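Visitor: The structure file coords30.txt (compact mmCIF, C-alpha atoms) is provided below.
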# COMPACT_ATOMS: atom_id res chain seq x y z
CA MET A 1 23.84 39.20 22.18
CA THR A 2 26.28 37.93 19.60
CA THR A 3 24.97 35.71 16.81
CA PHE A 4 26.83 33.88 14.07
CA ALA A 5 26.00 31.53 11.20
CA VAL A 6 27.47 28.07 10.93
CA PRO A 7 28.44 27.21 7.35
CA ARG A 8 26.56 24.21 5.95
CA LYS A 9 29.80 22.27 5.54
CA GLY A 10 30.71 22.98 9.15
CA ALA A 11 27.24 21.89 10.28
CA ALA A 12 27.67 18.58 8.47
CA VAL A 13 31.01 18.00 10.20
CA PHE A 14 29.47 18.81 13.56
CA GLU A 15 26.60 16.41 12.85
CA ARG A 16 29.00 13.57 12.06
CA GLN A 17 30.99 14.25 15.19
CA LEU A 18 27.81 14.25 17.30
CA LEU A 19 26.60 10.98 15.82
CA ALA A 20 30.02 9.42 16.47
CA THR A 21 29.58 10.05 20.20
CA LEU A 22 26.19 8.30 20.36
CA PRO A 23 25.44 4.58 20.70
CA PRO A 24 24.87 3.00 17.26
CA ALA A 25 21.11 2.55 17.79
CA ALA A 26 20.64 6.15 18.96
CA ALA A 27 22.72 7.47 16.06
CA ARG A 28 20.69 5.42 13.59
CA LEU A 29 17.42 6.65 15.09
CA LEU A 30 18.64 10.23 14.84
CA ARG A 31 19.55 9.76 11.18
CA VAL A 32 16.24 8.12 10.31
CA ALA A 33 14.32 10.86 12.14
CA HIS A 34 16.19 13.38 10.00
CA ASP A 35 15.43 11.48 6.80
CA LEU A 36 11.75 10.99 7.66
CA SER A 37 11.34 14.69 8.40
CA PHE A 38 11.99 15.41 4.73
CA ALA A 39 9.68 12.67 3.38
CA ARG A 40 6.87 14.05 1.21
CA ASP A 41 5.23 10.84 0.08
CA LEU A 42 4.20 7.48 1.50
CA GLU A 43 6.72 5.49 -0.54
CA THR A 44 9.66 7.44 0.89
CA VAL A 45 8.38 6.91 4.45
CA VAL A 46 7.91 3.17 3.92
CA VAL A 47 11.32 2.61 2.28
CA THR A 48 13.15 4.65 4.93
CA ALA A 49 11.36 2.89 7.78
CA ARG A 50 11.91 -0.56 6.31
CA SER A 51 15.69 -0.21 6.10
CA ALA A 52 15.96 1.42 9.54
CA ALA A 53 13.82 -1.23 11.23
CA ARG A 54 15.98 -4.08 10.03
CA GLU A 55 19.19 -2.34 10.98
CA LEU A 56 17.93 -1.41 14.45
CA THR A 57 16.69 -4.90 15.31
CA ALA A 58 19.27 -6.99 13.42
CA ALA A 59 16.28 -9.07 12.35
CA ASP A 60 16.26 -11.45 9.41
CA GLY A 61 13.34 -9.56 7.93
CA VAL A 62 11.03 -6.64 8.52
CA SER A 63 7.73 -5.54 7.04
CA ILE A 64 5.79 -2.30 7.01
CA VAL A 65 2.06 -2.93 7.30
CA LEU A 66 -0.60 -0.30 6.58
CA ARG A 67 -4.17 -0.50 7.74
CA SER A 68 -6.67 -0.15 4.90
CA GLY A 69 -10.19 -0.32 6.27
CA ASN A 70 -10.71 -3.84 7.59
CA GLU A 71 -7.57 -5.14 5.93
CA CYS A 72 -3.85 -5.17 6.66
CA TYR A 73 -1.81 -4.27 3.60
CA TYR A 74 1.82 -5.45 3.61
CA ALA A 75 3.24 -2.40 1.81
CA ASP A 76 6.94 -3.25 1.83
CA GLU A 77 9.52 -5.61 3.29
CA GLU A 78 13.23 -6.30 3.53
CA ALA A 79 14.15 -9.89 4.37
CA ILE A 80 16.38 -12.84 3.65
CA ALA A 81 13.49 -14.44 1.73
CA PRO A 82 10.11 -13.26 0.44
CA LEU A 83 7.33 -12.67 2.98
CA TRP A 84 3.97 -11.09 2.08
CA LYS A 85 4.76 -7.85 0.24
CA GLY A 86 1.73 -6.59 -1.68
CA ARG A 87 -0.72 -8.96 -0.01
CA ARG A 88 -3.76 -8.10 2.06
CA PHE A 89 -5.22 -9.97 5.03
CA PRO A 90 -8.29 -9.38 7.20
CA VAL A 91 -7.49 -7.39 10.33
CA GLU A 92 -8.72 -10.21 12.53
CA ALA A 93 -6.62 -12.82 10.70
CA CYS A 94 -3.06 -11.59 11.33
CA VAL A 95 -0.78 -10.41 14.14
CA SER A 96 -0.41 -6.94 12.63
CA GLY A 97 -4.19 -6.55 12.75
CA TRP A 98 -4.24 -7.60 16.41
CA VAL A 99 -1.46 -5.12 17.25
CA MET A 100 -3.28 -2.24 15.54
CA THR A 101 -6.65 -3.16 17.04
CA GLU A 102 -5.33 -3.53 20.60
CA ASN A 103 -2.78 -0.70 20.22
CA ILE A 104 -0.06 -2.70 22.00
CA ALA A 105 3.14 -4.39 20.89
CA ALA A 106 3.38 -8.16 20.45
CA VAL A 107 6.53 -10.20 21.17
CA ILE A 108 6.23 -13.82 20.04
CA PRO A 109 9.33 -16.04 20.56
CA ASP A 110 7.61 -19.08 18.99
CA ILE A 111 5.00 -18.36 16.34
CA TYR A 112 3.63 -21.91 16.44
CA ALA A 113 2.90 -21.64 20.14
CA ASP A 114 0.81 -18.49 19.80
CA SER A 115 -2.84 -18.59 18.70
CA ARG A 116 -2.71 -15.04 17.29
CA VAL A 117 -0.45 -16.22 14.48
CA PRO A 118 -2.11 -17.63 11.33
CA HIS A 119 0.18 -20.66 11.06
CA GLU A 120 -0.77 -21.61 7.50
CA ILE A 121 0.28 -18.16 6.25
CA TYR A 122 3.61 -18.29 8.10
CA ARG A 123 4.48 -21.91 7.36
CA PRO A 124 5.96 -21.27 3.86
CA THR A 125 8.26 -18.55 5.26
CA PHE A 126 11.49 -18.60 7.26
CA VAL A 127 9.86 -16.93 10.27
CA LYS A 128 10.14 -18.61 13.67
CA SER A 129 9.86 -15.55 15.95
CA LEU A 130 8.55 -12.03 15.60
CA ALA A 131 7.96 -8.69 17.23
CA MET A 132 5.30 -6.21 16.07
CA VAL A 133 4.62 -2.64 17.22
CA PRO A 134 1.75 -0.28 16.28
CA VAL A 135 2.28 3.07 14.58
CA ARG A 136 0.43 6.14 15.86
CA ALA A 137 -1.59 5.85 19.03
CA PRO A 138 -4.38 5.87 20.06
CA GLU A 139 -5.73 4.70 16.69
CA PRO A 140 -2.86 2.97 14.87
CA ILE A 141 -2.76 3.23 11.10
CA ALA A 142 0.26 0.99 10.54
CA ALA A 143 2.57 -1.52 12.17
CA ILE A 144 6.24 -2.51 12.01
CA GLY A 145 7.06 -6.20 12.05
CA ALA A 146 10.47 -7.75 12.73
CA TYR A 147 11.07 -11.47 12.03
CA TRP A 148 13.78 -13.96 12.95
CA ALA A 149 14.62 -17.27 11.31
CA ASP A 150 15.64 -18.77 14.67
CA PRO A 151 13.81 -18.75 18.01
CA HIS A 152 14.31 -15.25 19.42
CA GLU A 153 12.61 -13.10 22.01
CA ALA A 154 12.94 -9.43 21.19
CA THR A 155 14.92 -7.56 23.83
CA GLU A 156 13.79 -4.38 25.54
CA GLU A 157 16.35 -2.46 23.48
CA GLU A 158 15.06 -3.90 20.21
CA LEU A 159 11.44 -3.28 21.17
CA GLY A 160 12.28 0.22 22.38
CA ALA A 161 14.04 1.05 19.12
CA MET A 162 11.06 -0.22 17.14
CA THR A 163 8.70 1.87 19.29
CA LEU A 164 10.76 5.03 18.80
CA LEU A 165 10.94 4.33 15.09
CA ALA A 166 7.15 3.91 15.06
CA ASP A 167 6.79 7.35 16.65
CA HIS A 168 8.99 8.88 13.95
CA ILE A 169 7.00 7.09 11.26
CA ALA A 170 3.72 8.36 12.73
CA LEU A 171 5.01 11.94 12.58
CA ALA A 172 6.28 11.44 9.03
CA LEU A 173 2.93 10.01 7.90
CA ARG A 174 1.14 13.00 9.40
CA ASN A 175 3.55 15.32 7.60
CA VAL A 176 2.78 13.51 4.35
CA GLU A 177 -0.96 13.99 4.99
CA LEU A 178 -0.46 17.69 5.66
CA TYR A 179 1.75 18.06 2.60
CA ASP A 180 -0.89 16.34 0.45
CA GLU A 181 -3.63 18.54 1.92
CA LEU A 182 -1.54 21.64 1.26
CA SER A 183 -0.82 20.51 -2.30
CA VAL A 184 -4.52 19.93 -2.92
CA ALA A 185 -5.41 23.32 -1.41
CA LEU A 186 -2.80 25.08 -3.55
CA ARG A 187 -3.99 23.25 -6.64
CA ARG A 188 -7.60 24.21 -5.93
CA GLU A 189 -6.58 27.81 -5.31
CA LYS A 190 -4.68 27.83 -8.60
CA ASP A 191 -7.66 26.33 -10.44
CA ALA A 192 -10.02 28.84 -8.82
CA ARG A 193 -7.73 31.70 -9.82
CA ARG A 194 -7.60 30.39 -13.39
CA VAL A 195 -11.40 30.13 -13.49
CA ALA A 196 -11.73 33.65 -12.07
CA GLU A 197 -9.30 35.01 -14.66
CA ALA A 198 -11.23 33.25 -17.41
CA ALA A 199 -14.47 34.70 -16.04
CA ILE A 200 -12.97 38.21 -16.04
CA ALA A 201 -11.78 37.73 -19.61
CA SER A 202 -15.23 36.47 -20.63
CA LYS A 203 -16.85 39.43 -18.91
CA ASP A 204 -14.56 41.83 -20.78
CA GLU A 205 -15.37 40.13 -24.07
CA PHE A 206 -19.06 40.24 -23.22
CA LEU A 207 -18.94 43.96 -22.40
CA ALA A 208 -17.11 44.63 -25.64
CA LEU A 209 -19.79 42.69 -27.52
CA VAL A 210 -22.59 44.58 -25.76
CA ALA A 211 -20.91 47.91 -26.56
CA HIS A 212 -20.62 46.86 -30.20
CA GLU A 213 -24.26 45.77 -30.36
CA LEU A 214 -25.51 48.99 -28.74
CA ARG A 215 -23.32 51.32 -30.79
CA GLN A 216 -25.09 50.72 -34.09
CA PRO A 217 -28.66 51.40 -32.90
CA LEU A 218 -27.46 54.36 -30.85
CA HIS A 219 -25.75 55.91 -33.89
CA ALA A 220 -28.82 55.25 -36.02
CA SER A 221 -31.06 56.77 -33.36
CA LEU A 222 -28.85 59.83 -33.10
CA ALA A 223 -28.92 60.27 -36.87
CA ALA A 224 -32.71 59.98 -36.88
CA LEU A 225 -33.02 62.63 -34.16
CA ARG A 226 -30.78 64.98 -36.12
CA MET A 227 -32.92 64.42 -39.19
CA MET A 228 -36.04 65.24 -37.20
CA SER A 229 -34.47 68.36 -35.73
CA ALA A 230 -33.57 69.58 -39.22
CA GLN A 231 -37.32 70.09 -39.89
CA THR A 232 -37.24 68.44 -43.31
CA THR A 233 -40.24 67.05 -45.19
CA ILE A 234 -43.03 65.04 -43.60
CA GLU A 235 -41.82 61.93 -45.39
CA SER A 236 -38.29 62.26 -44.08
CA GLY A 237 -39.63 62.92 -40.58
CA ASP A 238 -41.78 59.78 -40.73
CA HIS A 239 -38.78 57.81 -41.93
CA ALA A 240 -36.64 59.19 -39.09
CA ARG A 241 -39.31 58.28 -36.53
CA SER A 242 -39.54 54.79 -38.01
CA VAL A 243 -35.79 54.34 -37.79
CA LEU A 244 -35.74 55.67 -34.24
CA GLU A 245 -38.56 53.38 -33.16
CA ARG A 246 -36.90 50.34 -34.74
CA GLN A 247 -33.52 51.06 -33.15
CA LEU A 248 -35.01 51.77 -29.72
CA THR A 249 -36.94 48.50 -29.98
CA GLN A 250 -33.70 46.71 -30.82
CA MET A 251 -31.91 48.27 -27.84
CA THR A 252 -34.82 47.44 -25.53
CA SER A 253 -34.69 43.84 -26.71
CA LEU A 254 -30.94 43.71 -26.12
CA VAL A 255 -31.34 45.05 -22.58
CA GLU A 256 -34.07 42.50 -21.87
CA GLU A 257 -31.74 39.74 -23.07
CA LEU A 258 -29.03 41.01 -20.75
CA LEU A 259 -31.46 40.98 -17.83
CA ASP A 260 -32.52 37.45 -18.74
CA ALA A 261 -28.89 36.34 -18.84
CA ALA A 262 -28.37 37.82 -15.37
CA ARG A 263 -31.46 35.99 -14.09
CA ILE A 264 -30.15 32.71 -15.51
CA VAL A 265 -26.78 33.17 -13.79
CA ARG A 266 -28.52 33.87 -10.47
CA GLY A 267 -30.97 31.01 -10.95
CA HIS A 268 -33.99 33.35 -10.86
CA VAL A 269 -35.53 32.35 -14.18
CA GLN A 270 -39.18 31.34 -13.93
CA LEU A 271 -40.90 29.51 -16.77
CA ASN A 272 -44.60 30.10 -17.34
CA ASP A 273 -45.84 26.97 -19.05
CA ALA A 274 -48.93 27.30 -21.21
CA VAL A 275 -50.67 25.42 -24.01
CA PHE A 276 -50.59 27.44 -27.24
CA ASP A 277 -50.12 27.34 -30.99
CA VAL A 278 -46.36 27.61 -31.57
CA ARG A 279 -47.01 29.09 -35.02
CA ALA A 280 -48.04 32.36 -33.36
CA ALA A 281 -44.70 32.64 -31.52
CA ILE A 282 -42.81 31.96 -34.73
CA GLU A 283 -44.82 34.57 -36.65
CA ARG A 284 -44.23 37.22 -33.98
CA ALA A 285 -40.49 36.49 -33.96
CA ALA A 286 -40.41 36.63 -37.76
CA ASP A 287 -42.25 39.98 -37.78
CA SER A 288 -39.77 41.48 -35.27
CA ALA A 289 -36.82 40.35 -37.40
CA ARG A 290 -38.12 41.44 -40.82
CA ALA A 291 -36.74 44.98 -40.60
CA LEU A 292 -33.20 43.80 -39.80
CA ILE A 293 -33.40 41.08 -42.45
CA ALA A 294 -34.60 43.59 -45.05
CA GLU A 295 -31.83 46.00 -44.05
CA ARG A 296 -29.29 43.28 -44.82
CA GLN A 297 -31.10 42.56 -48.12
CA HIS A 298 -31.70 38.89 -47.28
CA GLU A 299 -34.35 36.70 -48.80
CA PHE A 300 -36.59 35.54 -45.95
CA VAL A 301 -38.83 32.46 -46.30
CA VAL A 302 -41.15 31.27 -43.52
CA SER A 303 -42.86 27.90 -43.92
CA LEU A 304 -45.59 26.95 -41.43
CA PRO A 305 -48.24 24.19 -41.43
CA GLU A 306 -51.82 25.22 -42.11
CA GLU A 307 -53.07 23.31 -39.07
CA PRO A 308 -52.38 24.53 -35.49
CA VAL A 309 -49.31 23.04 -33.78
CA ILE A 310 -50.14 22.90 -30.08
CA VAL A 311 -47.27 22.74 -27.58
CA GLN A 312 -46.86 23.21 -23.85
CA ALA A 313 -44.04 25.65 -23.06
CA ASP A 314 -43.26 29.24 -22.10
CA ALA A 315 -44.49 31.21 -25.08
CA SER A 316 -42.45 34.35 -24.43
CA ARG A 317 -39.23 32.38 -23.93
CA LEU A 318 -39.77 30.43 -27.14
CA GLU A 319 -40.45 33.64 -29.01
CA GLN A 320 -37.24 35.09 -27.55
CA VAL A 321 -35.28 32.04 -28.73
CA PHE A 322 -36.71 32.33 -32.25
CA SER A 323 -35.99 36.06 -32.33
CA ASN A 324 -32.38 35.56 -31.25
CA LEU A 325 -31.84 32.88 -33.89
CA LEU A 326 -33.27 35.08 -36.63
CA SER A 327 -31.29 38.11 -35.42
CA ASN A 328 -28.04 36.13 -35.47
CA ALA A 329 -28.88 34.72 -38.89
CA ALA A 330 -29.51 38.23 -40.22
CA LYS A 331 -26.30 39.63 -38.72
CA TYR A 332 -23.89 36.85 -39.62
CA THR A 333 -25.20 35.81 -43.02
CA ASP A 334 -23.41 37.55 -45.87
CA PRO A 335 -25.50 40.38 -47.42
CA CYS A 336 -28.13 39.30 -49.96
CA GLY A 337 -28.26 35.84 -48.41
CA ARG A 338 -31.18 33.48 -47.86
CA ILE A 339 -32.76 32.78 -44.46
CA THR A 340 -35.43 30.11 -44.04
CA LEU A 341 -37.57 29.31 -41.01
CA SER A 342 -39.78 26.24 -41.09
CA LEU A 343 -41.98 24.27 -38.73
CA ALA A 344 -42.85 20.61 -39.21
CA VAL A 345 -44.60 18.05 -37.03
CA ASP A 346 -42.99 14.64 -36.51
CA GLU A 347 -45.20 12.37 -34.41
CA SER A 348 -45.24 14.09 -30.99
CA PHE A 349 -42.48 16.61 -31.74
CA ALA A 350 -42.51 20.05 -33.33
CA ASN A 351 -39.33 20.45 -35.39
CA ILE A 352 -38.23 24.02 -36.08
CA THR A 353 -35.39 24.58 -38.53
Using structure tokens, write down the structure that the file contains.
Guide:
Amino acid sequence: MTTFAVPRKGAAVFERQLLATLPPAAARLLRVAHDLSFARDLETVVVTARSAARELTAADGVSIVLRSGNECYYADEEAIAPLWKGRRFPVEACVSGWVMTENIAAVIPDIYADSRVPHEIYRPTFVKSLAMVPVRAPEPIAAIGAYWADPHEATEEELGAMTLLADHIALALRNVELYDELSVALRREKDARRVAEAAIASKDEFLALVAHELRQPLHASLAALRMMSAQTTIESGDHARSVLERQLTQMTSLVEELLDAARIVRGHVQLNDAVFDVRAAIERAADSARALIAERQHEFVVSLPEEPVIVQADASRLEQVFSNLLSNAAKYTDPCGRITLSLAVDESFANIT
């Protein structure tokens, strides 16, 4: 089978020649179908349909009406004088609403002889006759209206052209919906990818931080073990065991914090509320941090009330919070700094600073 490509310029010439052989109305419908197929937003559809509807019907005015809940919204118009562009009417109070509700066209040669027409709304306009067709069966979402300044009964050709145009508009509106849905889906996918990339970057930073935090106690532990294996004096052995115990405790605490973080992410954290003296939790946290604070040569001041301070909370979690705060203070305060931890009671609150 032989195939060949038609140059774009040649295709355009062929298109013009084809349109020249068609009746004017058919050629216009073909052009508007082409234009609507490329519409990507509602405004383009409405403007294209408005101009085509007036040309196809030779009417004195046309309007594009969109259904919005229980209202008819006159989105756009092209006419010899203003009609109702931008206004909204109840579905049951206008011809466009009747057309969309009944899903049938309306041809009204004399608007003042038809009870479906709200005469007071039409009276200020030039309209004497009209034709209205629904867009998208079986549940119309819009309507096309054509209006004449003189008594006129829309012909079968005019009504047929409006109906075909309505079909093209329905397809274009659906394309716009699909395009919007696709755009939203692509935007969500892009956002999700950006969030995932940020999560990966955060995970990498977190792993680097964990490695940094574990390296120091591991090195200290290794040094202590080497000191013990060297079989030095009893004092140096006791010191090495003390260092090893302190560093292993620090690593154990870090691992527990990592496990707690994982539980929080998974939503598996359980709080064990109890009534207790919060001073005890603060003292335990302070005792666990003293070695690190002393190592950094900080001054450490703890100020607690003499009377018990009773709270209802999870004692272990509070102690963990206090320990983390003191650990961070010890690590990130310049050497030979001052760290204070105080507890004060203000009415029904325990203030820890």
Visitor: Interatomic distance between CA of Ser183 in chain A and CA of Ala39 in chain A?
Guide: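 So the two atoms, CA of Ser183 in chain A and CA of Ala39 in chain A, lie 14.3 Å apart.
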Visitor: Please write out, as lines of an AutoDock Vina configuration file, where the centre of an axis-aligned box around all listed atoms of range 140-148 of chain A lies and how long its edges are, in Å to one decimal, after adding 4 Å on each side.
Guide:
center_x = 5.5
center_y = -5.4
center_z = 12.7
size_x = 24.6
size_y = 25.2
size_z = 12.3
Visitor: Using Å and a single decimal, report how far CA of Glu43 in chain A sits from CA of Leu66 in chain A.
Guide: 11.7 Å
Visitor: Provide the CA of Ile108 in chain A to CA of Ala53 in chain A distance in Å, to one decimal place.
Guide: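 Result for CA of Ile108 in chain A versus CA of Ala53 in chain A: 17.1 Å, one decimal.
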Visitor: Could the residues of range 106-158 of chain A that have an atom at most 10 Å from range 172-176 of chain A be listed as CSV, each with its closest atom pair and the distance in Å to one decimal, counting all atoms listed in the file and ordered by chain and ascending residue number?
Guide:
residue,atom,partner,partner_atom,distance
A:Val135,CA,A:Leu173,CA,9.7
A:Arg136,CA,A:Leu173,CA,9.2
A:Ile141,CA,A:Leu173,CA,9.4
A:Ala142,CA,A:Leu173,CA,9.8
Visitor: Which residues, written as a PyMOL selection string, have at least one atom at most 7 Å from range 291-305 of chain A, with all atoms listed in the file counted and residues fewer than 6 positions away on the same chain left out?
Guide: chain A and resi 279+330+335-344
Visitor: Counting all atoms listed in the file, which residue out of A:Leu326, A:Gly69, A:Ser202, A:Thr57 sits closest to Ala161 in chain A?
Guide: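 Using all atoms listed in the file, the shortest distance to Ala161 in chain A belongs to A:Thr57.
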Visitor: Identify which of the residues A:Ile200, A:Ala149, A:Ile169, A:Leu248 lies closest to Leu42 in chain A, counting all atoms listed in the file when measuring atom-to-atom distances.
Guide: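 Comparing A:Ile200, A:Ala149, A:Ile169, A:Leu248 against Leu42 in chain A, the winner is A:Ile169.
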Visitor: Rank nothing, just name the residue among A:Ala289, A:Leu178, A:Val275, A:Ala329 nearest to Arg40 in chain A, using all atoms listed in the file.
Guide: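 The shortest atom-to-atom distance to Arg40 in chain A comes from A:Leu178.
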Visitor: Pick out the residues sitting within 12 Å of Ala313 in chain A, and hand them over as an MDAnalysis selection string; count all atoms listed in the file, and ignore anything fewer than 4 positions along from it in its own chain.
Guide: chainID A and resid 270:278 281 317:319 350
Visitor: As a list of chain:residue names, please: the residues near Glu92 in chain A (cut-off 12 Å, only C-alpha atoms, same-chain neighbours under 5 positions excluded).
Guide: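 So, after excluding close chain neighbours, the residues are A:Arg67, A:Gly69, A:Asn70, A:Glu71, A:Cys72, A:Gly97, A:Trp98, A:Val99, A:Met100, A:Thr101, A:Glu102, A:Ser115, A:Arg116, A:Val117, A:Pro118.
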Visitor: So that I can check the surroundings of Thr48 in chain A, please list as a ChimeraX atom specification every protein, DNA and RNA residue that reaches within 12 Å of it, counting only C-alpha atoms and ignoring chain neighbours fewer than 4 positions away.
Guide: /A:28-29,31-44,52-55,63-64,76-78,165-166,168-169,172-173
Visitor: With only C-alpha atoms as the basis for distance, which of A:Ser129, A:Ser51, A:Ser327, A:Asn103 is at the shortest distance from Ala285 in chain A?
Guide: A:Ser327
Visitor: Taking all heavy atoms as the atom set, what does range 36-44 of chain A look like once completed, written as a short mmCIF file (atom, residue, chain, number, x, y, z; two decimals), in the coordinates of the input?
Guide:
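The resulting out31.cif:
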data_model
loop_
_atom_site.label_atom_id
_atom_site.label_comp_id
_atom_site.auth_asym_id
_atom_site.auth_seq_id
_atom_site.Cartn_x
_atom_site.Cartn_y
_atom_site.Cartn_z
N LEU A 36 13.22 11.02 7.70
CA LEU A 36 11.75 10.99 7.66
C LEU A 36 11.16 12.40 7.70
O LEU A 36 10.07 12.63 7.16
CB LEU A 36 11.20 10.17 8.81
CG LEU A 36 11.38 8.65 8.71
CD1 LEU A 36 10.95 7.96 10.00
CD2 LEU A 36 10.58 8.10 7.52
N SER A 37 11.87 13.33 8.31
CA SER A 37 11.34 14.69 8.40
C SER A 37 11.24 15.35 7.03
O SER A 37 10.49 16.31 6.85
CB SER A 37 12.22 15.54 9.33
OG SER A 37 13.49 15.77 8.76
N PHE A 38 12.02 14.84 6.07
CA PHE A 38 11.99 15.41 4.73
C PHE A 38 11.13 14.59 3.76
O PHE A 38 11.04 14.93 2.58
CB PHE A 38 13.41 15.51 4.16
CG PHE A 38 14.24 16.60 4.80
CD1 PHE A 38 15.10 16.30 5.84
CD2 PHE A 38 14.13 17.91 4.37
CE1 PHE A 38 15.85 17.30 6.45
CE2 PHE A 38 14.89 18.91 4.95
CZ PHE A 38 15.74 18.62 6.01
N ALA A 39 10.50 13.52 4.25
CA ALA A 39 9.68 12.67 3.38
C ALA A 39 8.41 13.42 2.98
O ALA A 39 7.75 14.03 3.81
CB ALA A 39 9.33 11.37 4.10
N ARG A 40 8.07 13.37 1.71
CA ARG A 40 6.87 14.05 1.21
C ARG A 40 5.87 13.10 0.58
O ARG A 40 4.86 13.53 0.05
CB ARG A 40 7.28 15.13 0.20
CG ARG A 40 8.05 16.30 0.80
CD ARG A 40 7.18 17.08 1.77
NE ARG A 40 7.91 18.17 2.41
CZ ARG A 40 8.49 18.08 3.61
NH1 ARG A 40 8.43 16.92 4.28
NH2 ARG A 40 9.11 19.11 4.13
N ASP A 41 6.18 11.80 0.62
CA ASP A 41 5.23 10.84 0.08
C ASP A 41 5.33 9.53 0.86
O ASP A 41 6.31 9.27 1.55
CB ASP A 41 5.47 10.60 -1.42
CG ASP A 41 6.89 10.14 -1.69
OD1 ASP A 41 7.21 8.97 -1.41
OD2 ASP A 41 7.69 10.96 -2.19
N LEU A 42 4.30 8.72 0.73
CA LEU A 42 4.20 7.48 1.50
C LEU A 42 5.33 6.51 1.15
O LEU A 42 5.89 5.85 2.03
CB LEU A 42 2.85 6.83 1.24
CG LEU A 42 2.57 5.51 1.96
CD1 LEU A 42 2.61 5.70 3.47
CD2 LEU A 42 1.21 4.95 1.52
N GLU A 43 5.68 6.42 -0.12
CA GLU A 43 6.72 5.49 -0.54
C GLU A 43 8.05 5.79 0.16
O GLU A 43 8.74 4.87 0.62
CB GLU A 43 6.89 5.53 -2.05
CG GLU A 43 7.93 4.54 -2.57
CD GLU A 43 8.09 4.61 -4.08
OE1 GLU A 43 7.43 5.44 -4.71
OE2 GLU A 43 8.90 3.83 -4.61
N THR A 44 8.40 7.06 0.24
CA THR A 44 9.66 7.44 0.89
C THR A 44 9.64 7.05 2.36
O THR A 44 10.63 6.55 2.91
CB THR A 44 9.90 8.95 0.76
OG1 THR A 44 9.93 9.29 -0.64
CG2 THR A 44 11.21 9.36 1.40
#
